[in-house]
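Participant: First the structure, which I've put down as structure tokens, then a few questions once you've had a look.
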There are 2 protein chains.
Amino acid sequence: MIDRHIAKLRARDELSSQEEDAIRAAVAEVRIYEPDLTVIRRAEQLTHSTLLLDGFMCRYKDLSDGQRQISELHVSGDFVDLHSFTLKYLDHDIMTLTPCRVALVPHEKLQEITEQHPHLARLYWFLTNIDAAVHREWELSLGRRSAVARIAHLFCELQVRLCIVGMADDRGFELPLTQAELAECSGLTAVHVNRSLKALREDGLVEFRRSRVELRSLEKLRMLAEFDPMYLYVDRRRR
Amino acid sequence: MIDRHIAKLRARDELSSQEEDAIRAAVAEVRIYEPDLTVIRRAEQLTHSTLLLDGFMCRYKDLSDGQRQISELHVSGDFVDLHSFTLKYLDHDIMTLTPCRVALVPHEKLQEITEQHPHLARLYWFLTNIDAAVHREWELSLGRRSAVARIAHLFCELQVRLCIVGMADDRGFELPLTQAELAECSGLTAVHVNRSLKALREDGLVEFRRSRVELRSLEKLRMLAEFDPMYLYVDRRRR
DNA sequence: CGTGCCCTTGAGTACAATCAACGTTCGTGG
DNA sequence: CCACGAACGTTGATTGTACTCAAGGGCACG
């Protein structure tokens, strides 16, 4: 059930079977959510963290005029609010983008895990630090990359992250988002995302149609985006 | 010596004297750095974390054409690379913006602290999560706020963070950065930062001259920026 | 088979970038 | 003490990327 989460961890470090058991034992409940549902609200007191099993979710903030900025996309296997374990409440909202299946992990269980498995504690701390690394890369995109490069970079990132959980390969992956949602990720308008996708398509780099990203030339796409996956820390080493 | 760091922690949680002692005992060495010096390089293996005692530093990434994006500013009392404890190497560079005095804390000491002081371990985990919260707020600025609002928001953030360590009040604070460096924070060009500062000055909100931010109307500035300090988690509660 | 959501395209606009020149400040050395 | 130079700041003119507004098309679902 939480195999994709285990795969995400094992892509970064070794995990003993005891540690794996401890994680599996921490799941209290499984829930199904509708698409377009704000599951966690800013400033709300939280007593558990949410592990995304299936579907796509995101973190976002918005301004008073309704403009929205998505700060990270979540895929299967991601803890969408592991940081709530230490923060107790979040500075942002979290919503589903598609129908989702999630597992709830009470903070008490996380507390037990971190006390009884110090290595696992560091590993989870490490996971929240990867989130921060993703935020930094997005800051670079939002601040300095062109519209086309922002979208290219986003596709490159998702390709690597989805590969880890067996949901992408070199040819492409499912991505059930609208162009408006891509715009909210990339700090653009939906219209401009549409034009940028057209440019990427016409240059033979990537096609985005019917909820699927078709990679025509992953190498050229990475070059255009100046994508270097090192910020995702996909290397097995002792953490 | 590390009083500002202690103040930063105490603004978020209670700290026992044993915990304080453990932190003080962790400092191995104090160093002085020149301004404009890249102290930590991307991908470099790290064995200690750097605590900023005095001065201003920043995290940044740049693109091949030389464009740079600063992803966070660091002030006195900040651990500039606490995340290197779990990451082992960073995805970004860290440089000084002014002359700086720093304390080095070996990762072994951090390991001891986290093993012997579980509460302190969570508190340091929490600190890295605040960094991520700052990154998210900057993503919102970079993606959705206007040029003027980005700069206004940056000043508001720094005012709160510097207040915590006693280096700002309601009237202003020292900020020894160039307009070009503000541009690298806000995803703008130096020329446009200059024009935006002029607009802020002429509207009577804030003046930035000779390394100092003079707050003419903090309330209006916060309104313009839609600044809400909650993302900085300045509330004392059990972490 | 209509209705609504999403995608696409065009025309006009605006905000920020670029290019360029000039002003100011400050440190340094004659 | 003043002259010079470099770095930083300021302003104007022009360009360009992305936004806005608007209309039409495709597709899925009831």
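Naming scheme: A, B, ... for chains in displayed order of the structure tokens; residues 1 onward per chain; ligands 1 onward as shown.
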Neighbouring residues of Asn194 (chain A) were defined as those with any atom within 12 Å, considering only C-alpha atoms (C1' of nucleotides); residues of the same chain fewer than 5 positions away were excluded. Please report them as a PyMOL selection string.

Facilitator: (chain A and resi 147-148+151+178-183+188-189+199-201+207-209) or (chain C and resi 6-9)

Participant: Excluding DG16 (chain D) and any residue of its chain fewer than 6 positions from it, enumerate the residues within 12 Å of it, using only C-alpha atoms (C1' of nucleotides), and give them as a PyMOL selection string.

Facilitator: chain C and resi 14-18

Participant: Could those residues be written to a file, using C-alpha atoms (C1' of nucleotides), as a PDB file, in the first residue's frame?

Facilitator:
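Wrote again_31.pdb, looks like this:
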```pdb
ATOM      1  C1'  DA C  14       1.304  46.721 -19.858  1.00  0.00           C
ATOM      2  C1'  DC C  15       4.948  45.691 -16.953  1.00  0.00           C
ATOM      3  C1'  DA C  16       9.490  44.835 -16.677  1.00  0.00           C
ATOM      4  C1'  DA C  17      13.890  44.286 -19.447  1.00  0.00           C
ATOM      5  C1'  DT C  18      17.380  46.311 -22.142  1.00  0.00           C
TER       6       DT C  18
END
```

Participant: Given a cut-off of 7 Å, which residues of chain B touch chain A, counting only C-alpha atoms, written out as a count of residues only?

Facilitator: 25

Participant: For CA of Asp93 (chain A) and CA of Cys58 (chain A), quote the distance in Å rounded to one decimal.

Facilitator: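 One can read the CA of Asp93 (chain A) to CA of Cys58 (chain A) distance as 8.4 Å.
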
Participant: Once DSSP has gone over the backbone, tell me which residues of region 15-231 of chain B are in strand (DSSP E), as an MDAnalysis selection string.

Facilitator: chainID B and resid 29:33 38:40 48:54 57:62 68:74 93:96 100:106 168:169 172:174 206:209 212:215

Participant: Just want the 9 Å neighbourhood of Arg171 (chain A), counted on only C-alpha atoms (C1' of nucleotides), with same-chain residues fewer than 2 positions away dropped. Output as a compact mmCIF listing (two decimals) with all heavy atoms, in the first residue's frame.

Facilitator:
```
# COMPACT_ATOMS: atom_id res chain seq x y z
N ALA A 168 6.84 6.68 -14.46
CA ALA A 168 7.30 7.40 -15.65
C ALA A 168 8.46 6.64 -16.25
O ALA A 168 9.10 5.83 -15.58
CB ALA A 168 7.75 8.82 -15.28
N ASP A 169 8.69 6.86 -17.53
CA ASP A 169 9.92 6.35 -18.15
C ASP A 169 10.45 7.43 -19.09
O ASP A 169 10.00 8.57 -19.03
CB ASP A 169 9.67 5.02 -18.86
CG ASP A 169 8.58 5.12 -19.91
OD1 ASP A 169 8.44 6.20 -20.51
OD2 ASP A 169 7.88 4.13 -20.13
N PHE A 173 4.91 10.28 -19.19
CA PHE A 173 4.18 9.92 -17.98
C PHE A 173 2.80 10.58 -17.99
O PHE A 173 2.57 11.54 -18.73
CB PHE A 173 4.95 10.36 -16.73
CG PHE A 173 5.40 11.79 -16.73
CD1 PHE A 173 4.60 12.79 -16.19
CD2 PHE A 173 6.63 12.16 -17.30
CE1 PHE A 173 5.02 14.12 -16.20
CE2 PHE A 173 7.05 13.50 -17.30
CZ PHE A 173 6.24 14.47 -16.76
N VAL A 213 2.19 13.57 -20.62
CA VAL A 213 3.39 14.24 -21.12
C VAL A 213 4.15 13.23 -21.99
O VAL A 213 4.56 12.18 -21.50
CB VAL A 213 4.29 14.71 -19.96
CG1 VAL A 213 5.62 15.24 -20.49
CG2 VAL A 213 3.58 15.78 -19.15
N GLU A 214 4.29 13.55 -23.28
CA GLU A 214 5.04 12.69 -24.20
C GLU A 214 6.39 13.34 -24.45
O GLU A 214 6.48 14.39 -25.10
CB GLU A 214 4.29 12.57 -25.54
CG GLU A 214 2.97 11.86 -25.49
CD GLU A 214 3.11 10.33 -25.44
OE1 GLU A 214 4.25 9.81 -25.51
OE2 GLU A 214 2.07 9.67 -25.31
N LEU A 215 7.43 12.70 -23.96
CA LEU A 215 8.77 13.26 -24.11
C LEU A 215 9.32 12.91 -25.49
O LEU A 215 9.55 11.73 -25.77
CB LEU A 215 9.69 12.73 -23.01
CG LEU A 215 9.21 13.04 -21.58
CD1 LEU A 215 9.97 12.20 -20.57
CD2 LEU A 215 9.37 14.52 -21.28
N ARG A 216 9.49 13.90 -26.34
CA ARG A 216 10.01 13.66 -27.68
C ARG A 216 11.54 13.64 -27.67
O ARG A 216 12.16 12.90 -28.42
CB ARG A 216 9.51 14.73 -28.65
CG ARG A 216 8.00 14.74 -28.85
CD ARG A 216 7.50 13.42 -29.37
NE ARG A 216 6.03 13.42 -29.46
CZ ARG A 216 5.29 12.33 -29.37
NH1 ARG A 216 5.86 11.14 -29.16
NH2 ARG A 216 3.99 12.41 -29.46
N SER A 217 12.11 14.50 -26.84
CA SER A 217 13.56 14.48 -26.69
C SER A 217 13.90 14.96 -25.28
O SER A 217 14.05 16.16 -25.03
CB SER A 217 14.23 15.38 -27.72
OG SER A 217 15.61 15.53 -27.38
N LEU A 218 14.02 13.98 -24.38
CA LEU A 218 14.29 14.33 -22.98
C LEU A 218 15.61 15.08 -22.86
O LEU A 218 15.73 16.02 -22.07
CB LEU A 218 14.31 13.05 -22.13
CG LEU A 218 14.55 13.23 -20.63
CD1 LEU A 218 13.60 14.24 -20.03
CD2 LEU A 218 14.43 11.91 -19.90
```

Participant: Quick one: DSSP helix (DSSP H, G or I) residues in region 119-223 of chain A, as a ChimeraX atom specification?

Facilitator: /A:119-144,147-164,179-186,190-202,218-223

Participant: Give me, as an MDAnalysis selection string, the contact residues of chain D against chain A at a cut-off of 10 Å, counting only C-alpha atoms (C1' of nucleotides).

Facilitator: chainID D and resid 17:20

Participant: Export, as a PDB file, in the first residue's frame, the selected residues with all heavy atoms.

Facilitator:
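Result file follows (selection06.pdb):
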```pdb
ATOM      1  P    DT D  17      11.104  38.455 -26.456  1.00  0.00           P
ATOM      2  OP1  DT D  17      12.383  37.875 -26.877  1.00  0.00           O
ATOM      3  OP2  DT D  17       9.934  38.471 -27.371  1.00  0.00           O
ATOM      4  O5'  DT D  17      10.669  37.751 -25.096  1.00  0.00           O
ATOM      5  C5'  DT D  17      11.188  38.223 -23.864  1.00  0.00           C
ATOM      6  C4'  DT D  17      10.085  38.262 -22.845  1.00  0.00           C
ATOM      7  O4'  DT D  17       9.241  39.417 -23.057  1.00  0.00           O
ATOM      8  C3'  DT D  17       9.158  37.046 -22.877  1.00  0.00           C
ATOM      9  O3'  DT D  17       9.052  36.569 -21.553  1.00  0.00           O
ATOM     10  C2'  DT D  17       7.842  37.600 -23.434  1.00  0.00           C
ATOM     11  C1'  DT D  17       7.884  39.046 -22.973  1.00  0.00           C
ATOM     12  N1   DT D  17       7.135  40.037 -23.783  1.00  0.00           N
ATOM     13  C2   DT D  17       6.412  41.015 -23.139  1.00  0.00           C
ATOM     14  O2   DT D  17       6.338  41.105 -21.933  1.00  0.00           O
ATOM     15  N3   DT D  17       5.783  41.905 -23.975  1.00  0.00           N
ATOM     16  C4   DT D  17       5.795  41.905 -25.354  1.00  0.00           C
ATOM     17  O4   DT D  17       5.188  42.743 -25.994  1.00  0.00           O
ATOM     18  C5   DT D  17       6.568  40.838 -25.965  1.00  0.00           C
ATOM     19  C7   DT D  17       6.638  40.750 -27.450  1.00  0.00           C
ATOM     20  C6   DT D  17       7.198  39.970 -25.167  1.00  0.00           C
ATOM     21  P    DA D  18       8.357  35.157 -21.244  1.00  0.00           P
ATOM     22  OP1  DA D  18       9.136  34.511 -20.170  1.00  0.00           O
ATOM     23  OP2  DA D  18       8.096  34.454 -22.522  1.00  0.00           O
ATOM     24  O5'  DA D  18       6.955  35.604 -20.647  1.00  0.00           O
ATOM     25  C5'  DA D  18       6.924  36.468 -19.522  1.00  0.00           C
ATOM     26  C4'  DA D  18       5.572  37.114 -19.416  1.00  0.00           C
ATOM     27  O4'  DA D  18       5.352  37.981 -20.556  1.00  0.00           O
ATOM     28  C3'  DA D  18       4.394  36.142 -19.403  1.00  0.00           C
ATOM     29  O3'  DA D  18       3.645  36.395 -18.232  1.00  0.00           O
ATOM     30  C2'  DA D  18       3.645  36.450 -20.695  1.00  0.00           C
ATOM     31  C1'  DA D  18       3.979  37.923 -20.898  1.00  0.00           C
ATOM     32  N9   DA D  18       3.824  38.407 -22.267  1.00  0.00           N
ATOM     33  C8   DA D  18       4.282  37.839 -23.422  1.00  0.00           C
ATOM     34  N7   DA D  18       3.968  38.514 -24.512  1.00  0.00           N
ATOM     35  C5   DA D  18       3.256  39.604 -24.034  1.00  0.00           C
ATOM     36  C6   DA D  18       2.652  40.695 -24.674  1.00  0.00           C
ATOM     37  N6   DA D  18       2.656  40.878 -25.994  1.00  0.00           N
ATOM     38  N1   DA D  18       2.018  41.607 -23.890  1.00  0.00           N
ATOM     39  C2   DA D  18       2.010  41.414 -22.572  1.00  0.00           C
ATOM     40  N3   DA D  18       2.537  40.440 -21.844  1.00  0.00           N
ATOM     41  C4   DA D  18       3.163  39.556 -22.647  1.00  0.00           C
ATOM     42  P    DC D  19       2.179  35.851 -17.943  1.00  0.00           P
ATOM     43  OP1  DC D  19       2.121  35.542 -16.505  1.00  0.00           O
ATOM     44  OP2  DC D  19       1.844  34.821 -18.945  1.00  0.00           O
ATOM     45  O5'  DC D  19       1.270  37.130 -18.199  1.00  0.00           O
ATOM     46  C5'  DC D  19       1.536  38.319 -17.459  1.00  0.00           C
ATOM     47  C4'  DC D  19       0.426  39.335 -17.682  1.00  0.00           C
ATOM     48  O4'  DC D  19       0.460  39.795 -19.054  1.00  0.00           O
ATOM     49  C3'  DC D  19      -0.973  38.787 -17.454  1.00  0.00           C
ATOM     50  O3'  DC D  19      -1.720  39.726 -16.692  1.00  0.00           O
ATOM     51  C2'  DC D  19      -1.531  38.569 -18.854  1.00  0.00           C
ATOM     52  C1'  DC D  19      -0.806  39.632 -19.661  1.00  0.00           C
ATOM     53  N1   DC D  19      -0.555  39.249 -21.081  1.00  0.00           N
ATOM     54  C2   DC D  19      -0.998  40.084 -22.112  1.00  0.00           C
ATOM     55  O2   DC D  19      -1.594  41.128 -21.821  1.00  0.00           O
ATOM     56  N3   DC D  19      -0.758  39.719 -23.398  1.00  0.00           N
ATOM     57  C4   DC D  19      -0.110  38.586 -23.668  1.00  0.00           C
ATOM     58  N4   DC D  19       0.099  38.290 -24.954  1.00  0.00           N
ATOM     59  C5   DC D  19       0.356  37.731 -22.628  1.00  0.00           C
ATOM     60  C6   DC D  19       0.108  38.087 -21.365  1.00  0.00           C
ATOM     61  P    DT D  20      -3.237  39.384 -16.252  1.00  0.00           P
ATOM     62  OP1  DT D  20      -3.485  40.107 -14.984  1.00  0.00           O
ATOM     63  OP2  DT D  20      -3.446  37.932 -16.353  1.00  0.00           O
ATOM     64  O5'  DT D  20      -4.121  40.060 -17.384  1.00  0.00           O
ATOM     65  C5'  DT D  20      -3.935  41.438 -17.686  1.00  0.00           C
ATOM     66  C4'  DT D  20      -4.918  41.843 -18.767  1.00  0.00           C
ATOM     67  O4'  DT D  20      -4.449  41.392 -20.057  1.00  0.00           O
ATOM     68  C3'  DT D  20      -6.339  41.295 -18.597  1.00  0.00           C
ATOM     69  O3'  DT D  20      -7.227  42.395 -18.681  1.00  0.00           O
ATOM     70  C2'  DT D  20      -6.496  40.307 -19.745  1.00  0.00           C
ATOM     71  C1'  DT D  20      -5.538  40.860 -20.782  1.00  0.00           C
ATOM     72  N1   DT D  20      -4.950  39.876 -21.734  1.00  0.00           N
ATOM     73  C2   DT D  20      -4.954  40.162 -23.076  1.00  0.00           C
ATOM     74  O2   DT D  20      -5.440  41.171 -23.535  1.00  0.00           O
ATOM     75  N3   DT D  20      -4.363  39.212 -23.864  1.00  0.00           N
ATOM     76  C4   DT D  20      -3.775  38.029 -23.456  1.00  0.00           C
ATOM     77  O4   DT D  20      -3.274  37.259 -24.261  1.00  0.00           O
ATOM     78  C5   DT D  20      -3.804  37.786 -22.037  1.00  0.00           C
ATOM     79  C7   DT D  20      -3.200  36.528 -21.490  1.00  0.00           C
ATOM     80  C6   DT D  20      -4.377  38.713 -21.246  1.00  0.00           C
TER      81       DT D  20
END
```

Participant: Provide the CA of Ile94 (chain B) to CA of Met57 (chain B) distance in Å, to one decimal place.

Facilitator: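 CA of Met57 (chain B) lies at a distance of 7.1 Å from CA of Ile94 (chain B).
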
Participant: If you count only C-alpha atoms (C1' of nucleotides), which residues fall within 12 Å of DC26 (chain C), apart from same-chain ones fewer than 3 positions away, as an MDAnalysis selection string?

Facilitator: (chainID B and resid 210) or (chainID D and resid 4:8)

Participant: Hey, what's within 9 Å of region 14-19 of chain A if we count only C-alpha atoms (C1' of nucleotides) and toss same-chain stuff fewer than 5 positions away? As JSON, numbers by chain, please?

Facilitator: {"A": [6, 9, 24, 113, 117, 119, 120, 236, 237, 238, 239]}

Participant: Store the residues picked out above in a file with C-alpha atoms, as a short mmCIF file (atom, residue, chain, number, x, y, z; two decimals), in the first residue's frame.

Facilitator:
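That gives us part.cif:
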```
data_model
loop_
_atom_site.label_atom_id
_atom_site.label_comp_id
_atom_site.auth_asym_id
_atom_site.auth_seq_id
_atom_site.Cartn_x
_atom_site.Cartn_y
_atom_site.Cartn_z
CA ILE A 6 9.11 2.97 0.61
CA LEU A 9 12.99 6.30 0.71
CA ARG A 24 3.88 0.42 7.86
CA ILE A 113 9.39 6.47 15.16
CA HIS A 117 14.61 4.87 15.10
CA HIS A 119 18.20 6.89 11.54
CA LEU A 120 14.64 7.01 10.30
CA ARG A 236 21.72 5.96 -1.98
CA ARG A 237 24.00 6.97 0.84
CA ARG A 238 23.93 6.86 4.60
CA ARG A 239 21.86 9.78 5.86
#
```

Participant: One decimal, in Å: what's the spacing between CA of Ser49 (chain B) and CA of Leu73 (chain A)?

Facilitator: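 Answer for the CA of Ser49 (chain B) to CA of Leu73 (chain A) separation: 29.1 Å.
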